[in-house]
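*Asks:* Hey, dropping start.cif in here, mmCIF, C-alpha atoms:
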data_entry
loop_
_atom_site.label_atom_id
_atom_site.label_comp_id
_atom_site.auth_asym_id
_atom_site.auth_seq_id
_atom_site.Cartn_x
_atom_site.Cartn_y
_atom_site.Cartn_z
CA MET P 1 -4.43 1.52 -36.04
CA THR P 2 -0.90 2.26 -34.89
CA PHE P 3 1.52 -0.22 -33.38
CA SER P 4 2.58 0.17 -29.77
CA ALA P 5 5.07 -1.92 -27.83
CA THR P 6 3.37 -1.50 -24.46
CA PRO P 7 -0.11 -2.94 -24.03
CA ILE P 8 -1.13 -0.41 -21.38
CA TYR P 9 -0.18 2.54 -23.57
CA PHE P 10 -1.97 0.88 -26.50
CA ILE P 11 -5.19 0.36 -24.56
CA CYS P 12 -5.10 3.97 -23.34
CA ARG P 13 -4.64 5.29 -26.88
CA THR P 14 -7.25 3.16 -28.63
CA THR P 15 -10.18 2.71 -26.24
CA ASN P 16 -12.81 4.78 -24.50
CA TYR P 17 -11.56 6.41 -21.29
CA LYS P 18 -13.93 4.27 -19.18
CA ILE P 19 -12.29 1.11 -20.47
CA TRP P 20 -8.68 2.16 -20.10
CA LEU P 21 -9.37 3.81 -16.74
CA PHE P 22 -10.83 0.52 -15.48
CA VAL P 23 -7.77 -1.44 -16.62
CA VAL P 24 -5.27 1.09 -15.25
CA THR P 25 -7.16 1.26 -11.94
CA LEU P 26 -7.23 -2.53 -11.77
CA ILE P 27 -3.46 -2.57 -12.17
CA THR P 28 -2.47 0.31 -9.89
CA LEU P 29 -4.93 0.32 -7.00
CA PRO P 30 -3.96 -3.03 -5.44
CA ALA P 31 -0.25 -2.50 -6.11
CA LEU P 32 0.29 1.03 -4.79
CA PRO P 33 -0.45 0.37 -1.08
CA LEU P 34 2.06 -2.48 -1.16
CA VAL P 35 4.78 -1.04 -3.35
CA LEU P 36 4.95 2.53 -1.97
CA PRO P 37 5.78 1.57 1.65
CA ASP P 38 8.37 -0.90 0.36
CA LEU P 39 10.01 1.84 -1.71
CA ILE P 40 9.87 4.45 1.06
CA SER P 41 10.83 2.48 4.15
CA GLY P 42 11.86 -0.90 2.79
CA GLY P 43 10.14 -4.21 3.32
CA ILE P 44 8.73 -7.17 1.46
CA ARG P 45 5.00 -6.47 1.41
CA SER P 46 4.89 -6.38 -2.38
CA LEU P 47 6.45 -9.84 -2.71
CA SER P 48 3.26 -11.67 -1.81
CA GLU P 49 1.63 -12.26 -5.17
CA ARG P 50 -1.80 -13.12 -3.81
CA TYR P 51 -2.42 -9.44 -3.09
CA LEU P 52 -1.38 -8.48 -6.62
CA LEU P 53 -3.77 -10.83 -8.48
CA PRO P 54 -6.04 -7.94 -9.61
CA SER P 55 -2.97 -6.17 -10.99
CA TYR P 56 -1.94 -9.29 -12.90
CA LEU P 57 -5.48 -9.57 -14.27
CA GLY P 58 -5.35 -5.95 -15.50
CA ILE P 59 -2.03 -6.56 -17.23
CA GLN P 60 -3.42 -9.70 -18.86
CA LEU P 61 -6.47 -7.77 -20.07
CA ALA P 62 -4.23 -5.14 -21.65
CA VAL P 63 -2.05 -7.76 -23.34
CA ALA P 64 -5.09 -9.72 -24.54
CA TYR P 65 -6.59 -6.53 -25.99
CA LEU P 66 -3.36 -5.72 -27.82
CA LEU P 67 -3.04 -9.22 -29.25
CA THR P 68 -6.67 -9.52 -30.38
CA THR P 69 -6.83 -6.10 -32.00
CA GLN P 70 -3.64 -6.81 -33.92
CA LEU P 71 -5.15 -10.04 -35.28
CA TYR P 72 -7.63 -7.92 -37.24
CA ASN P 73 -5.00 -5.63 -38.73
CA GLU P 74 -5.53 -4.79 -42.40
CA SER P 75 -1.94 -5.60 -43.30
CA LEU P 76 -1.51 -9.32 -43.97
CA ILE P 77 2.18 -9.24 -42.96
CA ARG P 78 1.43 -7.60 -39.60
CA ARG P 79 -1.42 -10.03 -38.99
CA ARG P 80 0.94 -12.99 -39.59
CA ILE P 81 3.55 -11.48 -37.25
CA TRP P 82 0.96 -11.09 -34.47
CA GLN P 83 -0.35 -14.61 -35.06
CA THR P 84 3.20 -15.87 -34.61
CA ILE P 85 3.56 -13.81 -31.42
CA ILE P 86 0.32 -15.30 -30.05
CA VAL P 87 1.49 -18.85 -30.85
CA LEU P 88 4.81 -18.13 -29.08
CA VAL P 89 3.00 -16.72 -26.03
CA ILE P 90 0.80 -19.84 -25.83
CA ILE P 91 3.82 -22.17 -26.21
CA CYS P 92 5.75 -20.26 -23.52
CA GLY P 93 2.73 -20.52 -21.22
CA LEU P 94 2.45 -24.27 -21.75
CA VAL P 95 6.18 -24.77 -21.12
CA SER P 96 5.93 -22.67 -17.96
CA TYR P 97 2.98 -24.72 -16.70
CA GLY P 98 4.85 -27.93 -17.42
CA VAL P 99 7.98 -26.80 -15.58
CA SER P 100 6.14 -25.42 -12.56
CA SER P 101 3.93 -28.50 -12.23
CA GLN P 102 7.01 -30.72 -11.81
CA ALA P 103 8.75 -28.49 -9.25
CA GLU P 104 8.66 -29.20 -5.51
CA THR P 105 8.09 -25.53 -4.84
CA TRP P 106 7.88 -22.36 -6.89
CA TRP P 107 8.96 -18.72 -6.60
CA SER P 108 5.42 -17.58 -5.80
CA LYS P 109 5.34 -19.65 -2.60
CA VAL P 110 7.16 -17.01 -0.58
CA ILE P 111 6.54 -18.12 3.00
CA SER P 112 6.98 -21.90 2.75
CA TYR P 113 9.48 -21.90 -0.10
CA GLY P 114 12.19 -23.77 1.84
CA ASN P 115 9.96 -26.44 3.36
CA PRO P 116 10.98 -29.30 1.00
CA GLN P 117 14.67 -28.82 1.89
CA VAL P 118 13.87 -28.51 5.62
CA ALA P 119 11.75 -31.68 5.47
CA LYS P 120 14.59 -33.64 3.85
CA ILE P 121 16.94 -32.68 6.69
CA ILE P 122 14.43 -33.45 9.46
CA ASN P 123 13.39 -36.76 7.86
CA GLN P 124 17.02 -37.97 7.95
CA ALA P 125 17.07 -37.92 11.76
CA ALA P 126 16.38 -41.18 13.63
CA HIS P 127 13.82 -39.87 16.15
CA PRO P 128 13.37 -36.10 15.61
CA LEU P 129 11.43 -33.53 17.61
CA LEU P 130 10.31 -30.31 15.92
CA ILE P 131 9.74 -27.42 18.33
CA SER P 132 7.97 -24.26 17.16
CA ASN P 133 6.63 -21.17 18.88
CA ASP P 134 3.41 -19.24 18.36
CA SER P 135 4.84 -16.09 16.80
CA GLY P 136 4.29 -14.76 13.30
CA ILE P 137 3.57 -17.16 10.47
CA ASN P 138 5.00 -20.26 12.12
CA TYR P 139 1.69 -22.10 12.50
CA GLY P 140 0.94 -21.99 8.78
CA ASN P 141 4.51 -22.87 7.96
CA ILE P 142 4.52 -25.77 10.42
CA PHE P 143 1.21 -27.09 9.08
CA SER P 144 2.47 -27.06 5.49
CA LEU P 145 5.74 -28.64 6.63
CA SER P 146 3.86 -31.42 8.44
CA TYR P 147 2.60 -32.81 5.12
CA LEU P 148 6.20 -33.34 3.97
CA LEU P 149 7.49 -34.96 7.16
CA GLN P 150 7.51 -38.66 7.97
CA PRO P 151 5.23 -39.99 10.75
CA LYS P 152 8.26 -40.51 13.03
CA VAL P 153 8.64 -36.73 13.47
CA GLN P 154 7.05 -35.43 16.68
CA PHE P 155 5.87 -31.84 17.12
CA GLN P 156 6.01 -29.61 20.19
CA LEU P 157 4.26 -26.23 19.91
CA VAL P 158 5.21 -23.76 22.63
CA GLN P 159 4.24 -20.25 23.62
CA ASP P 160 6.74 -17.42 23.45
CA GLN P 161 10.38 -18.54 23.45
CA THR P 162 10.17 -20.99 26.36
CA ILE P 163 11.62 -24.40 25.58
CA PRO P 164 9.87 -27.19 27.48
CA ASN P 165 11.50 -30.19 29.14
CA ILE P 166 12.44 -32.57 26.37
CA PRO P 167 12.28 -36.34 26.94
CA ASP P 168 15.48 -38.32 26.42
CA ASP P 169 14.08 -40.59 23.69
CA PHE P 170 14.57 -37.95 20.93
CA THR P 171 17.83 -38.03 18.99
CA ASP P 172 17.59 -34.67 17.21
CA PHE P 173 15.85 -31.39 18.01
CA PHE P 174 14.79 -28.78 15.48
CA TYR P 175 13.61 -25.36 16.63
#
Represent the structure from my file as structure tokens, please.
*Replies:*
Amino acid sequence: MTFSATPIYFICRTTNYKIWLFVVTLITLPALPLVLPDLISGGIRSLSERYLLPSYLGIQLAVAYLLTTQLYNESLIRRRIWQTIIVLVIICGLVSYGVSSQAETWWSKVISYGNPQVAKIINQAAHPLLISNDSGINYGNIFSLSYLLQPKVQFQLVQDQTIPNIPDDFTDFFY
């Protein structure tokens, strides 16, 4: 069995076409409709990782296949090298899980990434009012933000861009 640096190339060279075609399809089919429009006309569709989960799964299958087949290599030296690589991959994964579990937010939380910083600013106000409209993703963003805000923060949801009459008892307004 020959060594290959890329797991996808390795799986294509060493398995039945039905197997490698499944893995390659799993990787490319969900990604192409998101990546191609971004490359052609610009945009950020491909940044949302939830749509790319099947692609990530295909990549993980290819890497897992590469690692497991190399564990059964006839050369003892190569087997030890691949065992070391597997241990390093597991350690890196555990470190990554530890770091991400302690973070307020993470890179994969695209839409509400800035909510912890926004909540800190709003929570510093004496009697704040948060005004939001009904366009786009604001409802989901406001709902996730509401879990980080103190009970003193009042919400006003409006339609379109019309700002309602605001009572005088609020010290700060956030729109």
*Asks:* Do you know which residues are at most 10 Å from Leu130 of chain P counting all atoms listed in the file, after dropping those on the same chain fewer than 6 positions away, and could you put them as a PyMOL selection string?
*Replies:* chain P and resi 122+142+146+153-157+172-175
*Asks:* So how many Å separate atom CA of Thr25 of chain P and atom CA of Ile90 of chain P, to one decimal?
*Replies:*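 Taking atom CA of Thr25 of chain P and atom CA of Ile90 of chain P, their separation equals 26.5 Å.
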*Asks:* Rounded to one decimal, what separation in Å do you get between atom CA of Ile85 of chain P and atom CA of Tyr56 of chain P?
*Replies:* 19.8 Å
*Asks:* When the PyMOL selection byres ((chain P and resi 60-69) around 10) is applied to the structure above, which residues does it catch, written out as a count of residues only?
*Replies:* 33
*Asks:* Report as a CSV table (one decimal) with C-alpha atoms, in the frame of the given file the residues that result from applying the PyMOL selection byres ((chain P and resi 93-108) around 12) to the structure here.
*Replies:*
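So selection_16.csv came out as:
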chain,number,residue,atom,x,y,z
P,46,SER,CA,4.9,-6.4,-2.4
P,47,LEU,CA,6.4,-9.8,-2.7
P,48,SER,CA,3.3,-11.7,-1.8
P,49,GLU,CA,1.6,-12.3,-5.2
P,50,ARG,CA,-1.8,-13.1,-3.8
P,51,TYR,CA,-2.4,-9.4,-3.1
P,52,LEU,CA,-1.4,-8.5,-6.6
P,53,LEU,CA,-3.8,-10.8,-8.5
P,86,ILE,CA,0.3,-15.3,-30.0
P,87,VAL,CA,1.5,-18.8,-30.8
P,88,LEU,CA,4.8,-18.1,-29.1
P,89,VAL,CA,3.0,-16.7,-26.0
P,90,ILE,CA,0.8,-19.8,-25.8
P,91,ILE,CA,3.8,-22.2,-26.2
P,92,CYS,CA,5.8,-20.3,-23.5
P,109,LYS,CA,5.3,-19.6,-2.6
P,110,VAL,CA,7.2,-17.0,-0.6
P,111,ILE,CA,6.5,-18.1,3.0
P,112,SER,CA,7.0,-21.9,2.8
P,113,TYR,CA,9.5,-21.9,-0.1
P,114,GLY,CA,12.2,-23.8,1.8
P,115,ASN,CA,10.0,-26.4,3.4
P,116,PRO,CA,11.0,-29.3,1.0
P,117,GLN,CA,14.7,-28.8,1.9
P,119,ALA,CA,11.8,-31.7,5.5
P,120,LYS,CA,14.6,-33.6,3.8
P,144,SER,CA,2.5,-27.1,5.5
P,148,LEU,CA,6.2,-33.3,4.0
*Asks:* What separation in Å, quoted to one decimal, exists between atom CA of Arg13 of chain P and atom CA of Val35 of chain P?
*Replies:*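 Between these atoms lies a distance of 26.1 Å.
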*Asks:* Looking at P:Phe22, P:Tyr17, P:Phe170, P:Phe143, which one is nearest to His127 of chain P, with distances taken over all atoms listed in the file?
*Replies:*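 Checking each candidate against His127 of chain P, we get P:Phe170 as the closest.
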*Asks:* What do you get, as a list of chain:residue names, if you spell out every residue that the PyMOL selection byres ((chain P and resi 152) around 9) selects here?
*Replies:* P:Asn123, P:Ala126, P:His127, P:Pro128, P:Leu129, P:Leu149, P:Gln150, P:Pro151, P:Val153, P:Gln154
*Asks:* Could segment 56-67 of chain P be completed with all heavy atoms and returned as a tab-separated table (two decimals), keeping the file's coordinate frame?
*Replies:*
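Generated file (result-v8.tsv):
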chain	number	residue	atom	x	y	z
P	56	TYR	N	-2.29	-8.33	-11.85
P	56	TYR	CA	-1.94	-9.29	-12.90
P	56	TYR	C	-3.09	-9.43	-13.89
P	56	TYR	O	-2.86	-9.53	-15.10
P	56	TYR	CB	-1.60	-10.65	-12.31
P	56	TYR	CG	-0.38	-10.67	-11.43
P	56	TYR	CD1	-0.22	-11.63	-10.44
P	56	TYR	CD2	0.64	-9.74	-11.57
P	56	TYR	CE1	0.89	-11.65	-9.63
P	56	TYR	CE2	1.76	-9.76	-10.77
P	56	TYR	CZ	1.88	-10.72	-9.80
P	56	TYR	OH	2.99	-10.75	-9.01
P	57	LEU	N	-4.31	-9.46	-13.39
P	57	LEU	CA	-5.48	-9.57	-14.27
P	57	LEU	C	-5.57	-8.36	-15.20
P	57	LEU	O	-5.85	-8.51	-16.39
P	57	LEU	CB	-6.76	-9.70	-13.44
P	57	LEU	CG	-8.05	-9.81	-14.22
P	57	LEU	CD1	-8.06	-11.06	-15.08
P	57	LEU	CD2	-9.24	-9.80	-13.28
P	58	GLY	N	-5.33	-7.15	-14.67
P	58	GLY	CA	-5.35	-5.95	-15.50
P	58	GLY	C	-4.29	-5.98	-16.58
P	58	GLY	O	-4.54	-5.60	-17.74
P	59	ILE	N	-3.10	-6.45	-16.24
P	59	ILE	CA	-2.03	-6.56	-17.23
P	59	ILE	C	-2.41	-7.58	-18.31
P	59	ILE	O	-2.21	-7.34	-19.50
P	59	ILE	CB	-0.69	-6.93	-16.55
P	59	ILE	CG1	-0.23	-5.76	-15.66
P	59	ILE	CG2	0.37	-7.29	-17.57
P	59	ILE	CD1	0.91	-6.11	-14.73
P	60	GLN	N	-3.00	-8.69	-17.89
P	60	GLN	CA	-3.42	-9.70	-18.86
P	60	GLN	C	-4.52	-9.17	-19.77
P	60	GLN	O	-4.55	-9.49	-20.96
P	60	GLN	CB	-3.88	-10.96	-18.13
P	60	GLN	CG	-2.73	-11.73	-17.53
P	60	GLN	CD	-3.20	-12.94	-16.74
P	60	GLN	OE1	-4.37	-13.11	-16.45
P	60	GLN	NE2	-2.25	-13.80	-16.39
P	61	LEU	N	-5.43	-8.38	-19.23
P	61	LEU	CA	-6.47	-7.77	-20.07
P	61	LEU	C	-5.86	-6.85	-21.12
P	61	LEU	O	-6.27	-6.87	-22.29
P	61	LEU	CB	-7.46	-6.99	-19.21
P	61	LEU	CG	-8.49	-7.79	-18.43
P	61	LEU	CD1	-9.27	-6.88	-17.49
P	61	LEU	CD2	-9.44	-8.49	-19.39
P	62	ALA	N	-4.88	-6.05	-20.71
P	62	ALA	CA	-4.23	-5.14	-21.65
P	62	ALA	C	-3.48	-5.90	-22.73
P	62	ALA	O	-3.56	-5.55	-23.92
P	62	ALA	CB	-3.28	-4.20	-20.89
P	63	VAL	N	-2.78	-6.96	-22.35
P	63	VAL	CA	-2.05	-7.76	-23.34
P	63	VAL	C	-3.02	-8.47	-24.27
P	63	VAL	O	-2.82	-8.50	-25.49
P	63	VAL	CB	-1.11	-8.77	-22.63
P	63	VAL	CG1	-0.53	-9.77	-23.61
P	63	VAL	CG2	0.00	-8.04	-21.90
P	64	ALA	N	-4.10	-9.03	-23.72
P	64	ALA	CA	-5.09	-9.72	-24.54
P	64	ALA	C	-5.74	-8.75	-25.54
P	64	ALA	O	-5.97	-9.10	-26.70
P	64	ALA	CB	-6.16	-10.36	-23.66
P	65	TYR	N	-6.01	-7.52	-25.09
P	65	TYR	CA	-6.59	-6.53	-25.99
P	65	TYR	C	-5.63	-6.20	-27.12
P	65	TYR	O	-6.01	-6.13	-28.29
P	65	TYR	CB	-6.97	-5.26	-25.22
P	65	TYR	CG	-7.52	-4.18	-26.10
P	65	TYR	CD1	-8.81	-4.25	-26.60
P	65	TYR	CD2	-6.73	-3.10	-26.48
P	65	TYR	CE1	-9.32	-3.28	-27.43
P	65	TYR	CE2	-7.22	-2.11	-27.31
P	65	TYR	CZ	-8.52	-2.21	-27.78
P	65	TYR	OH	-9.02	-1.25	-28.63
P	66	LEU	N	-4.37	-6.01	-26.79
P	66	LEU	CA	-3.36	-5.72	-27.82
P	66	LEU	C	-3.28	-6.85	-28.84
P	66	LEU	O	-3.31	-6.61	-30.05
P	66	LEU	CB	-1.99	-5.48	-27.18
P	66	LEU	CG	-0.80	-5.35	-28.14
P	66	LEU	CD1	-0.93	-4.09	-28.98
P	66	LEU	CD2	0.50	-5.36	-27.37
P	67	LEU	N	-3.19	-8.08	-28.34
P	67	LEU	CA	-3.04	-9.22	-29.25
P	67	LEU	C	-4.27	-9.40	-30.14
P	67	LEU	O	-4.14	-9.64	-31.34
P	67	LEU	CB	-2.76	-10.49	-28.45
P	67	LEU	CG	-1.42	-10.54	-27.71
P	67	LEU	CD1	-1.33	-11.80	-26.87
P	67	LEU	CD2	-0.26	-10.43	-28.66
